[in-house]
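Printed here is model.txt (compact mmCIF, C-alpha atoms and all ligand atoms):
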# COMPACT_ATOMS: atom_id res chain seq x y z
CA MET A 1 17.48 9.07 34.57
CA TYR A 2 19.16 12.28 33.49
CA ARG A 3 19.26 15.07 36.03
CA ARG A 4 20.27 18.68 36.00
CA LYS A 5 23.48 19.47 37.83
CA THR A 6 23.54 22.34 40.27
CA ALA A 7 26.38 24.14 38.50
CA THR A 8 26.22 24.73 34.75
CA ARG A 9 29.26 24.86 32.50
CA GLY A 10 29.06 28.45 31.41
CA GLY A 11 26.23 28.01 28.91
CA GLY A 12 24.17 30.86 30.32
CA LEU A 13 22.54 33.75 28.51
CA GLY A 14 25.06 35.69 26.45
CA ALA A 15 27.82 33.06 26.78
CA PRO A 16 29.88 32.58 23.60
CA ALA A 17 28.88 29.58 21.48
CA ALA A 18 30.68 26.40 22.47
CA ARG A 19 33.03 24.85 19.90
CA VAL A 20 31.81 21.30 19.39
CA GLY A 21 33.58 18.34 17.83
CA ALA A 22 31.78 15.27 16.46
CA TRP A 23 33.97 12.18 16.71
CA LEU A 24 32.45 9.44 14.56
CA VAL A 25 33.45 5.84 15.26
CA GLY A 26 33.06 4.15 11.89
CA ALA A 27 33.99 7.47 10.26
CA ARG A 28 34.30 6.05 6.74
CA GLY A 29 31.01 4.14 6.75
CA SER A 30 27.86 5.03 4.83
CA VAL A 31 26.04 6.80 7.66
CA ALA A 32 29.13 8.76 8.74
CA THR A 33 29.99 9.84 5.18
CA THR A 34 26.38 10.87 4.50
CA SER A 35 26.27 12.81 7.79
CA ARG A 36 29.42 14.76 6.94
CA THR A 37 28.37 15.42 3.35
CA GLY A 38 24.92 16.50 4.52
CA ALA A 39 26.30 18.81 7.22
CA ALA A 40 28.60 20.52 4.70
CA ALA A 41 25.83 20.82 2.08
CA VAL A 42 23.17 22.18 4.45
CA ALA A 43 25.67 24.55 6.13
CA ALA A 44 26.62 25.94 2.69
CA GLY A 45 22.95 26.41 1.76
CA LEU A 46 23.23 23.82 -1.03
CA ALA A 47 20.49 21.61 0.42
CA PRO A 48 17.48 22.30 2.65
CA PRO A 49 17.48 20.88 6.20
CA THR A 50 14.71 18.37 5.36
CA GLY A 51 14.90 15.40 7.74
CA LEU A 52 16.66 17.34 10.51
CA VAL A 53 14.37 17.34 13.55
CA THR A 54 16.36 20.20 15.10
CA ALA A 55 15.39 22.40 12.13
CA LEU A 56 11.76 22.31 13.33
CA ALA A 57 10.18 25.27 15.15
CA PRO A 58 10.27 23.79 18.71
CA PHE A 59 14.09 23.95 18.57
CA ASP A 60 14.33 27.55 17.35
CA ARG A 61 15.04 28.93 20.79
CA VAL A 62 17.52 26.27 21.90
CA ALA A 63 21.20 27.20 21.69
CA LEU A 64 22.34 24.37 19.45
CA PRO A 65 25.73 24.36 17.72
CA LYS A 66 25.33 25.31 14.06
CA LEU A 67 26.10 22.65 11.47
CA SER A 68 28.73 24.97 10.01
CA GLU A 69 30.47 25.08 13.40
CA LEU A 70 30.76 21.32 13.96
CA VAL A 71 34.27 19.93 13.55
CA PHE A 72 34.39 16.28 12.48
CA GLY A 73 36.92 13.58 13.22
CA GLY A 74 36.79 9.88 13.93
CA HIS A 75 38.14 6.36 13.90
CA ASP A 76 37.77 3.61 11.34
CA LEU A 77 39.48 0.33 10.54
CA VAL A 78 39.62 0.99 6.79
CA ASP A 79 41.38 3.80 4.93
CA THR A 80 39.09 4.44 1.93
CA PRO A 81 39.24 8.23 1.37
CA LEU A 82 36.01 9.99 2.32
CA VAL A 83 35.69 11.51 -1.14
CA LYS A 84 35.86 8.02 -2.69
CA ARG A 85 33.26 6.80 -0.21
CA ALA A 86 31.02 9.77 -1.07
CA GLU A 87 31.50 9.08 -4.79
CA ALA A 88 30.41 5.47 -4.26
CA LEU A 89 27.33 6.70 -2.38
CA ALA A 90 26.56 9.15 -5.20
CA TYR A 91 26.97 6.35 -7.75
CA ALA A 92 24.50 4.29 -5.69
CA GLY A 93 22.05 7.21 -5.84
CA VAL A 94 22.28 8.02 -2.12
CA LEU A 95 23.95 11.42 -2.47
CA PRO A 96 23.10 13.85 -5.26
CA GLY A 97 26.11 13.83 -7.62
CA SER A 98 25.86 17.61 -7.95
CA LEU A 99 26.85 18.02 -4.28
CA LEU A 100 30.06 16.05 -4.54
CA HIS A 101 32.14 18.72 -6.18
CA ALA A 102 30.89 21.32 -3.71
CA VAL A 103 31.74 19.33 -0.59
CA ALA A 104 34.90 17.54 -1.82
CA ASP A 105 37.27 20.10 -0.26
CA ALA A 106 35.53 19.87 3.11
CA LEU A 107 35.73 16.06 3.02
CA ASP A 108 39.38 16.12 1.94
CA ALA A 109 40.31 18.59 4.66
CA GLY A 110 38.88 16.23 7.26
CA GLU A 111 41.07 13.26 6.25
CA ALA A 112 43.81 14.16 8.75
CA ASP A 113 41.34 13.80 11.61
CA ILE A 114 40.28 10.24 10.79
CA LEU A 115 42.57 7.79 12.57
CA LEU A 116 42.94 4.04 12.72
CA GLY A 117 40.46 2.69 15.26
CA VAL A 118 40.66 -0.26 17.63
CA GLY A 119 39.08 -3.67 17.27
CA ALA A 120 37.58 -5.84 20.00
CA ALA A 121 39.86 -6.80 22.88
CA THR A 122 40.75 -10.42 22.15
CA GLY A 123 42.51 -11.41 25.35
CA THR A 124 46.06 -10.70 24.25
CA ARG A 125 46.64 -7.22 25.75
CA PRO A 126 44.99 -5.34 28.62
CA PRO A 127 42.03 -3.43 27.07
CA ARG A 128 43.07 -0.33 29.03
CA ARG A 129 45.80 0.29 26.44
CA ALA A 130 43.27 0.57 23.62
CA ILE A 131 41.14 2.91 25.74
CA GLU A 132 44.12 5.13 26.45
CA ARG A 133 44.96 5.26 22.74
CA ILE A 134 41.39 6.31 21.87
CA GLN A 135 41.58 9.02 24.52
CA ARG A 136 44.92 10.30 23.24
CA ASP A 137 43.53 10.51 19.69
CA VAL A 138 40.39 12.40 20.71
CA SER A 139 42.28 14.69 23.12
CA SER A 140 44.73 15.69 20.38
CA PHE A 141 41.79 16.43 18.05
CA GLN A 142 40.10 18.50 20.76
CA ALA A 143 43.28 20.47 21.45
CA ALA A 144 44.18 20.97 17.78
CA HIS A 145 40.77 22.51 17.04
CA ALA A 146 40.36 24.28 20.42
CA LEU A 147 37.06 22.49 21.05
CA ASP A 148 35.06 22.96 24.25
CA THR A 149 33.71 19.43 23.98
CA VAL A 150 33.65 16.42 21.68
CA VAL A 151 30.54 14.29 21.20
CA VAL A 152 31.60 10.70 20.44
CA VAL A 153 29.08 8.86 18.22
CA ASP A 154 29.31 5.12 17.62
CA LEU A 155 28.49 4.48 13.94
CA ALA A 156 30.63 1.35 13.57
CA SER A 157 29.44 -1.91 12.02
CA THR A 158 26.89 -3.87 14.04
CA GLU A 159 28.80 -6.16 16.41
CA ALA A 160 28.15 -9.75 17.28
CA ARG A 161 26.51 -10.17 20.67
CA MET A 162 29.12 -11.20 23.20
CA ALA A 163 28.71 -12.52 26.71
CA GLY A 164 31.07 -11.94 29.61
CA PRO A 165 31.22 -10.94 33.27
CA TRP A 166 31.51 -7.27 32.18
CA LEU A 167 27.85 -7.34 31.07
CA ASP A 168 26.50 -6.84 34.58
CA CYS A 169 29.44 -6.02 36.83
CA SER A 170 30.24 -2.87 38.81
CA LEU A 171 32.59 -0.14 37.59
CA GLU A 172 35.19 -1.29 40.10
CA ALA A 173 35.09 -4.83 38.69
CA LEU A 174 35.21 -3.57 35.09
CA ASP A 175 38.20 -1.39 35.96
CA ARG A 176 40.01 -4.49 37.25
CA MET A 177 39.19 -6.41 34.04
CA LEU A 178 40.50 -3.58 31.86
CA ASP A 179 43.94 -4.07 33.36
CA GLN A 180 44.00 -7.83 32.75
CA ARG A 181 45.55 -9.20 29.60
CA ARG A 182 43.04 -12.05 29.17
CA THR A 183 39.91 -9.84 29.13
CA VAL A 184 37.78 -10.13 25.97
CA LEU A 185 35.54 -7.11 25.23
CA PRO A 186 33.63 -5.69 22.23
CA ALA A 187 35.14 -2.58 20.64
CA SER A 188 31.95 -0.60 21.37
CA VAL A 189 32.62 -0.93 25.11
CA LEU A 190 36.19 0.35 24.65
CA TYR A 191 34.99 3.44 22.76
CA ALA A 192 32.13 4.13 25.19
CA TYR A 193 34.41 3.74 28.21
CA ALA A 194 37.04 6.01 26.64
CA ALA A 195 34.45 8.72 25.93
CA LEU A 196 32.61 8.66 29.25
CA ASP A 197 35.81 8.41 31.29
CA ALA A 198 37.10 11.58 29.61
CA ALA A 199 33.69 13.31 30.10
CA TRP A 200 32.94 13.44 26.37
CA PRO A 201 29.20 12.85 25.78
CA PHE A 202 28.53 9.53 24.05
CA VAL A 203 25.84 8.59 21.52
CA ASP A 204 25.28 4.93 20.64
CA PHE A 205 23.61 4.82 17.23
CA THR A 206 24.21 1.06 16.94
CA PRO A 207 22.60 -1.90 18.72
CA SER A 208 25.81 -2.48 20.74
CA VAL A 209 25.53 -3.32 24.44
CA ALA A 210 27.76 -0.45 25.59
CA THR A 211 25.11 1.92 26.96
CA GLN A 212 23.35 -0.97 28.71
CA LEU A 213 26.27 -1.87 30.98
CA PRO A 214 25.67 -0.92 34.64
CA ALA A 215 29.42 -0.20 34.93
CA LEU A 216 29.29 2.39 32.13
CA ARG A 217 26.16 3.96 33.64
CA GLU A 218 28.15 4.26 36.85
CA LEU A 219 31.07 5.78 34.96
CA ALA A 220 28.83 8.40 33.30
CA GLY A 221 27.48 9.32 36.76
CA ALA A 222 30.96 9.56 38.24
CA ARG A 223 32.16 11.84 35.41
CA HIS A 224 28.87 13.84 35.24
CA VAL A 225 28.56 13.28 31.50
CA PRO A 226 25.38 12.76 29.41
CA TYR A 227 24.86 9.91 26.98
CA ALA A 228 22.12 8.69 24.61
CA GLY A 229 21.26 5.50 22.74
CA ARG A 230 20.71 3.03 21.39
CA ASP A 231 20.24 1.91 17.78
CA GLY A 232 18.88 4.69 15.56
CA LYS A 233 15.14 4.40 14.80
CA THR A 234 14.97 5.08 11.08
CA GLY A 235 12.72 2.55 9.34
CA GLN A 236 10.55 -0.35 10.35
CA THR A 237 10.65 0.40 14.09
CA LEU A 238 9.92 4.08 13.41
CA VAL A 239 6.76 3.07 11.55
CA ARG A 240 5.82 0.41 14.11
CA THR A 241 6.05 2.85 17.02
CA ALA A 242 3.76 5.26 15.16
CA LEU A 243 1.21 2.53 14.31
CA ALA A 244 1.11 0.32 17.42
CA PRO A 245 -0.59 3.05 19.53
CA LEU A 246 -3.45 3.04 16.97
CA PHE A 247 -4.30 -0.58 17.85
CA ALA A 248 -3.80 0.04 21.58
CA SER A 249 -5.98 3.16 21.78
CA ARG A 250 -8.83 1.64 19.71
CA ASN A 251 -8.76 -1.53 21.85
CA LEU A 252 -8.06 -3.66 18.78
CA ARG A 253 -6.28 -6.86 19.77
CA VAL A 254 -3.17 -7.55 17.71
CA CYS A 255 -2.98 -11.32 17.13
CA SER A 256 0.30 -11.37 15.20
CA TRP A 257 2.79 -8.84 13.87
CA SER A 258 5.38 -10.21 11.46
CA GLY A 259 8.09 -8.34 9.66
CA THR A 260 10.74 -8.85 7.03
CA ASN A 261 13.59 -6.51 6.16
CA LEU A 262 15.55 -6.63 2.91
CA LEU A 263 18.80 -4.76 3.28
CA GLY A 264 21.85 -4.15 1.07
CA GLY A 265 24.87 -1.93 1.90
CA GLY A 266 27.56 -2.39 4.56
CA ASP A 267 25.02 -2.80 7.34
CA GLY A 268 23.15 -5.44 5.31
CA GLU A 269 26.42 -7.30 4.81
CA ALA A 270 27.24 -7.15 8.54
CA LEU A 271 23.73 -8.34 9.41
CA ALA A 272 24.02 -11.32 7.05
CA ASP A 273 25.93 -12.86 9.95
CA PRO A 274 23.20 -14.35 12.21
CA VAL A 275 25.26 -13.66 15.35
CA ARG A 276 25.42 -9.92 14.52
CA ALA A 277 21.79 -9.88 13.37
CA ALA A 278 20.75 -11.20 16.80
CA SER A 279 21.65 -7.87 18.49
CA LYS A 280 19.71 -5.89 15.85
CA LEU A 281 16.66 -8.17 16.10
CA ALA A 282 16.69 -7.91 19.88
CA SER A 283 16.60 -4.09 19.80
CA LYS A 284 13.96 -4.06 17.03
CA GLY A 285 11.73 -6.52 18.88
CA ARG A 286 11.11 -4.55 22.07
CA ALA A 287 8.83 -1.74 20.88
CA VAL A 288 5.60 -3.51 19.86
CA PRO A 289 5.04 -5.63 23.02
CA SER A 290 6.03 -2.64 25.15
CA ILE A 291 3.39 -0.40 23.49
CA LEU A 292 0.64 -3.03 23.35
CA GLY A 293 1.31 -4.35 26.84
CA TYR A 294 1.35 -8.00 25.74
CA GLU A 295 3.46 -10.34 23.63
CA VAL A 296 2.26 -11.00 20.07
CA ASP A 297 2.97 -13.86 17.71
CA GLY A 298 5.03 -13.31 14.61
CA SER A 299 8.70 -13.23 13.75
CA LEU A 300 11.13 -10.65 12.48
CA HIS A 301 13.70 -11.32 9.74
CA ILE A 302 16.59 -9.41 8.24
CA ASP A 303 17.74 -10.64 4.82
CA HIS A 304 20.82 -9.35 3.05
CA VAL A 305 20.10 -8.52 -0.61
CA PRO A 306 23.28 -6.93 -2.08
CA ASP A 307 21.36 -5.83 -5.18
CA LEU A 308 19.40 -3.29 -3.09
CA GLY A 309 22.59 -1.34 -2.27
CA GLU A 310 21.81 1.37 0.27
CA TRP A 311 18.05 0.90 -0.03
CA LYS A 312 16.00 -1.04 2.44
CA THR A 313 12.53 -2.49 2.25
CA ALA A 314 10.57 -3.36 5.36
CA TRP A 315 7.33 -5.28 5.10
CA ASP A 316 4.92 -5.59 8.01
CA HIS A 317 1.91 -7.87 8.30
CA VAL A 318 -0.39 -7.15 11.24
CA SER A 319 -3.34 -9.41 11.94
CA PHE A 320 -5.83 -8.01 14.46
CA GLU A 321 -9.19 -8.74 16.04
CA GLY A 322 -11.93 -6.15 16.52
CA PHE A 323 -15.50 -5.96 17.90
CA LEU A 324 -17.22 -9.37 18.12
CA GLY A 325 -13.95 -11.04 17.17
CA THR A 326 -14.03 -9.86 13.55
CA ARG A 327 -10.55 -10.03 12.05
CA GLY A 328 -8.64 -7.48 10.00
CA VAL A 329 -5.19 -7.19 8.46
CA LEU A 330 -2.82 -4.27 7.90
CA GLN A 331 0.02 -4.73 5.43
CA LEU A 332 2.58 -2.05 4.97
CA THR A 333 5.72 -1.66 2.90
CA TRP A 334 8.31 0.97 3.81
CA GLN A 335 11.14 1.71 1.42
CA GLY A 336 13.90 4.15 2.08
CA CYS A 337 17.58 4.89 1.78
CA ASP A 338 19.29 3.71 4.95
CA SER A 339 22.01 6.33 5.21
CA THR A 340 19.90 9.38 4.35
CA LEU A 341 17.32 8.28 6.93
CA ALA A 342 20.04 7.97 9.55
CA ALA A 343 22.39 10.89 8.78
CA PRO A 344 20.13 13.80 9.87
CA LEU A 345 19.48 12.00 13.16
CA VAL A 346 23.22 11.77 13.78
CA LEU A 347 23.52 15.54 13.28
CA ASP A 348 20.46 16.20 15.50
CA LEU A 349 21.94 14.02 18.24
CA VAL A 350 25.34 15.72 18.18
CA ARG A 351 23.68 19.13 18.46
CA LEU A 352 21.23 18.09 21.21
CA VAL A 353 23.71 16.13 23.30
CA ALA A 354 26.23 18.99 23.15
CA ALA A 355 23.48 21.39 24.27
CA ALA A 356 22.53 18.99 27.09
CA GLN A 357 26.10 18.92 28.36
CA ARG A 358 26.32 22.69 28.16
CA ALA A 359 23.14 22.93 30.24
CA GLY A 360 24.77 20.72 32.88
CA LEU A 361 22.73 17.55 32.23
CA GLU A 362 24.26 14.17 32.87
CA GLY A 363 23.45 10.44 32.69
CA PRO A 364 21.07 8.81 30.17
CA LEU A 365 19.15 11.43 28.17
CA ALA A 366 15.73 9.75 28.20
CA PRO A 367 14.00 12.50 26.15
CA LEU A 368 16.25 11.61 23.22
CA GLY A 369 14.52 8.20 23.13
CA PHE A 370 12.58 9.59 20.14
CA PHE A 371 15.63 8.82 18.01
CA PHE A 372 16.20 5.22 19.13
CA LYS A 373 14.78 1.72 18.79
CA ASP A 374 15.78 0.78 22.31
CA PRO A 375 15.96 4.05 24.26
CA VAL A 376 18.25 4.18 27.27
CA GLY A 377 16.69 5.59 30.42
CA SER A 378 13.12 5.26 29.14
CA SER A 379 10.53 2.57 28.50
CA GLU A 380 8.39 4.90 26.33
CA HIS A 381 8.30 3.69 22.70
CA ARG A 382 5.21 5.56 21.37
CA LEU A 383 6.55 7.93 18.73
CA ASP A 384 4.10 10.80 19.38
CA ARG A 385 4.76 10.73 23.14
CA GLN A 386 8.49 10.59 22.52
CA PHE A 387 8.31 13.61 20.24
CA GLN A 388 6.32 15.57 22.83
CA ALA A 389 8.82 14.62 25.54
CA LEU A 390 11.67 15.76 23.30
CA CYS A 391 10.00 19.12 22.60
CA ASP A 392 9.23 19.68 26.31
CA TRP A 393 12.81 18.85 27.19
CA ALA A 394 14.16 21.18 24.51
CA ALA A 395 11.94 23.96 25.85
CA GLY A 396 13.70 23.45 29.20
CA LEU A 397 17.05 23.97 27.49
CA GLU A 398 16.01 27.38 26.14
CA GLY A 399 17.49 29.07 29.21
CA SER A 400 20.93 27.87 28.17
CA ARG A 401 20.83 30.09 25.12
N1 LIG B 1 19.42 3.65 8.87
C1 LIG B 1 20.63 3.26 9.20
O1 LIG B 1 21.52 3.31 8.40
C2 LIG B 1 20.90 2.79 10.61
C3 LIG B 1 19.86 2.76 11.54
C4 LIG B 1 20.13 2.34 12.84
C5 LIG B 1 21.42 1.94 13.20
N2 LIG B 1 22.41 1.96 12.27
C6 LIG B 1 23.73 1.48 12.65
O2 LIG B 1 24.75 2.39 12.24
C7 LIG B 1 25.95 1.66 12.05
C8 LIG B 1 26.62 2.11 10.74
O3 LIG B 1 25.84 1.76 9.63
P1 LIG B 1 26.45 1.96 8.16
O4 LIG B 1 25.35 1.65 7.23
O5 LIG B 1 27.17 3.25 8.08
O6 LIG B 1 27.50 0.75 8.11
P2 LIG B 1 28.83 0.68 7.22
O7 LIG B 1 29.17 -0.77 7.16
O8 LIG B 1 28.68 1.43 5.95
O9 LIG B 1 29.93 1.46 8.10
C9 LIG B 1 30.47 0.96 9.29
C10 LIG B 1 31.90 1.46 9.40
O10 LIG B 1 32.38 1.06 10.70
C11 LIG B 1 33.76 0.72 10.54
N3 LIG B 1 34.17 -0.08 11.71
C12 LIG B 1 33.89 -1.37 11.98
N4 LIG B 1 34.45 -1.73 13.17
C13 LIG B 1 35.07 -0.62 13.65
C14 LIG B 1 35.84 -0.36 14.81
N5 LIG B 1 36.06 -1.30 15.74
N6 LIG B 1 36.34 0.89 14.98
C15 LIG B 1 36.15 1.85 14.06
N7 LIG B 1 35.43 1.66 12.93
C16 LIG B 1 34.89 0.43 12.72
C17 LIG B 1 33.77 -0.04 9.20
O11 LIG B 1 35.08 -0.12 8.68
C18 LIG B 1 32.84 0.85 8.37
O12 LIG B 1 33.56 1.86 7.69
C19 LIG B 1 25.59 0.17 12.09
O13 LIG B 1 25.92 -0.37 13.36
C20 LIG B 1 24.08 0.19 11.94
O14 LIG B 1 23.44 -0.90 12.58
C21 LIG B 1 22.19 2.39 10.98
Go through the file and emit its structure as structure tokens.
Amino acid sequence: MYRRKTATRGGGLGAPAARVGAWLVGARGSVATTSRTGAAAVAAGLAPPTGLVTALAPFDRVALPKLSELVFGGHDLVDTPLVKRAEALAYAGVLPGSLLHAVADALDAGEADILLGVGAATGTRPPRRAIERIQRDVSSFQAAHALDTVVVVDLASTEARMAGPWLDCSLEALDRMLDQRRTVLPASVLYAYAALDAAWPFVDFTPSVATQLPALRELAGARHVPYAGRDGKTGQTLVRTALAPLFASRNLRVCSWSGTNLLGGGDGEALADPVRAASKLASKGRAVPSILGYEVDGSLHIDHVPDLGEWKTAWDHVSFEGFLGTRGVLQLTWQGCDSTLAAPLVLDLVRLVAAAQRAGLEGPLAPLGFFFKDPVGSSEHRLDRQFQALCDWAAGLEGSR
């Protein structure tokens, strides 16, 4: 559970605005490119802030970093120029073509701050070396831009689920493993460790295990740093967590809830691998039984359909029983563009997590559960309750203006 520290970090009334960096892991991916293009376009007044939760009235009085003030950097394993990536997204109809010319300079200027990332530790070198390299890269970025803090956001491809002793060990045990050559670890854990250890707030937008590890929770506590996760709630789960309370509050018994997702794009390609899809399905599957209070029949599928490009379709079939056992069915189809659903959330999270750190908060930021399929630090999945909790929490941050 997050808690307020006794001493704040100079974010009091009248304090100068903090300079905030956003370090995107997976910086050349669809969500990262859309986030950067969107931030530049909204900051320049070329697009309205539609889709940004932090543009709503409850956040007016919170001292959030402005989009125009965010400085972006990041890691990726590929070197496709951001402008090329943005052009491909415009060609696919994700980004308005008219924006490209206007934001091209901003995207080009950011190239120097996107560095080669690290892959999973495969048991050939001590993972500590990769962590130290990540920290050197982010520290140089922070120093070069004179940033007060850097929020590290994991936007890398969905990883395969991996098992290992690091899943439930202590920080002391993990620290020993990091120095051993034979240790095998997912890249997400290396990035999360690097961020938390250096007291940079961490946001896990993917279904990776990083923010679930007791050792990393311990590390965040030891370094007094806030973190949020996991797996952005942008489509089917968003709709499910709005609808499931309807059945619960009307005492309608859900007999089965089945779902199918058709997905193109890079994420769709990654999730075509059943081992990677398993981590996504696990985080998607938690909300409905948690809200209803019982397990329901029905399965959840993710199918890769390259033809759909960046668009996704989610179909839900809910069979329920009402008064005197009379049955009913709800069928719903949700269609949306993956990256433009996700990008404003990434910007919201950077702004909110930076404000939380400035207000002296640390540990898992449960009120940010509104943004995630599998919220860390909270078992609340009902969308309306999550939104209220977020607004109440933001009201508490007003003093840090
Ligand atoms: N609506 C959404 O788009 C949505 C919702 C929830 C979660 N997510 C998650 O966000 C992530 C990104 O989605 P996307 O559509 O941008 O995917 P994408 O495939 O377009 O981009 C992922 C990027 O990560 C890079 N990458 C892979 N491994 C890396 C590593 N070890 N270090 C640095 N970079 C690495 C890839 O090269 C690629 O550029 C995925 O994990 C996805 O599950 C997306």
How close does each residue of segment 175-224 of chain A get to segment 118-133 of chain A, giving the shortest atom pair and distance in Å to one decimal for every residue with an atom at most 12 Å away, counting only C-alpha atoms, sorted by chain and residue number, as a tab-separated table?
residue	atom	partner	partner_atom	distance
A:Asp175	CA	A:Arg128	CA	8.5
A:Arg176	CA	A:Arg128	CA	9.7
A:Met177	CA	A:Pro126	CA	8.0
A:Leu178	CA	A:Arg128	CA	5.0
A:Asp179	CA	A:Pro126	CA	5.0
A:Gln180	CA	A:Pro126	CA	4.9
A:Arg181	CA	A:Pro126	CA	4.0
A:Arg182	CA	A:Gly123	CA	3.9
A:Thr183	CA	A:Gly123	CA	4.8
A:Val184	CA	A:Thr122	CA	4.8
A:Leu185	CA	A:Ala121	CA	4.9
A:Pro186	CA	A:Ala120	CA	4.5
A:Ala187	CA	A:Ala120	CA	4.1
A:Ser188	CA	A:Ala120	CA	7.8
A:Val189	CA	A:Ala120	CA	8.6
A:Leu190	CA	A:Ile131	CA	5.7
A:Tyr191	CA	A:Ile131	CA	6.9
A:Ala192	CA	A:Ile131	CA	9.1
A:Tyr193	CA	A:Ile131	CA	7.2
A:Ala194	CA	A:Ile131	CA	5.2
A:Ala195	CA	A:Ile131	CA	8.9
A:Leu196	CA	A:Ile131	CA	10.9
A:Asp197	CA	A:Ile131	CA	9.5
A:Ala198	CA	A:Glu132	CA	10.0
Test item: which residues lie within 9 Å of (36.3, 19.3, 19.8) counting all atoms listed in the file, as number ranges by chain: A: 19-23, 70-73, 138-139, 141-151
Expected selection as a ChimeraX atom specification for ligand LIG 1 (chain B) within 8 Å, all atoms listed in the file: /A:25-33,75-78,116-120,154-159,187-188,205-208,231-235,265-270,280,310,337-343,372
Surrounding residues of Lys373 of chain A excluding itself and chain neighbours under 5 positions, 8 Å, only C-alpha atoms, as a VMD selection string: chain A and resid 230 to 233 237 to 238 283 to 284 286 to 287 381
One-decimal distance in Å that lies between atom CA of Leu167 of chain A and atom CA of Val376 of chain A: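 Answer for the atom CA of Val376 of chain A to atom CA of Leu167 of chain A separation: 15.5 Å.
Here atom CA of Thr50 of chain A is placed at a distance of 21.2 Å from atom CA of Thr313 of chain A.
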Separation of atom CA of Arg327 of chain A from atom CA of Asp384 of chain A, in Å and rounded to one decimal: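 Computed distance, atom CA of Arg327 of chain A to atom CA of Asp384 of chain A, equals 26.5 Å.
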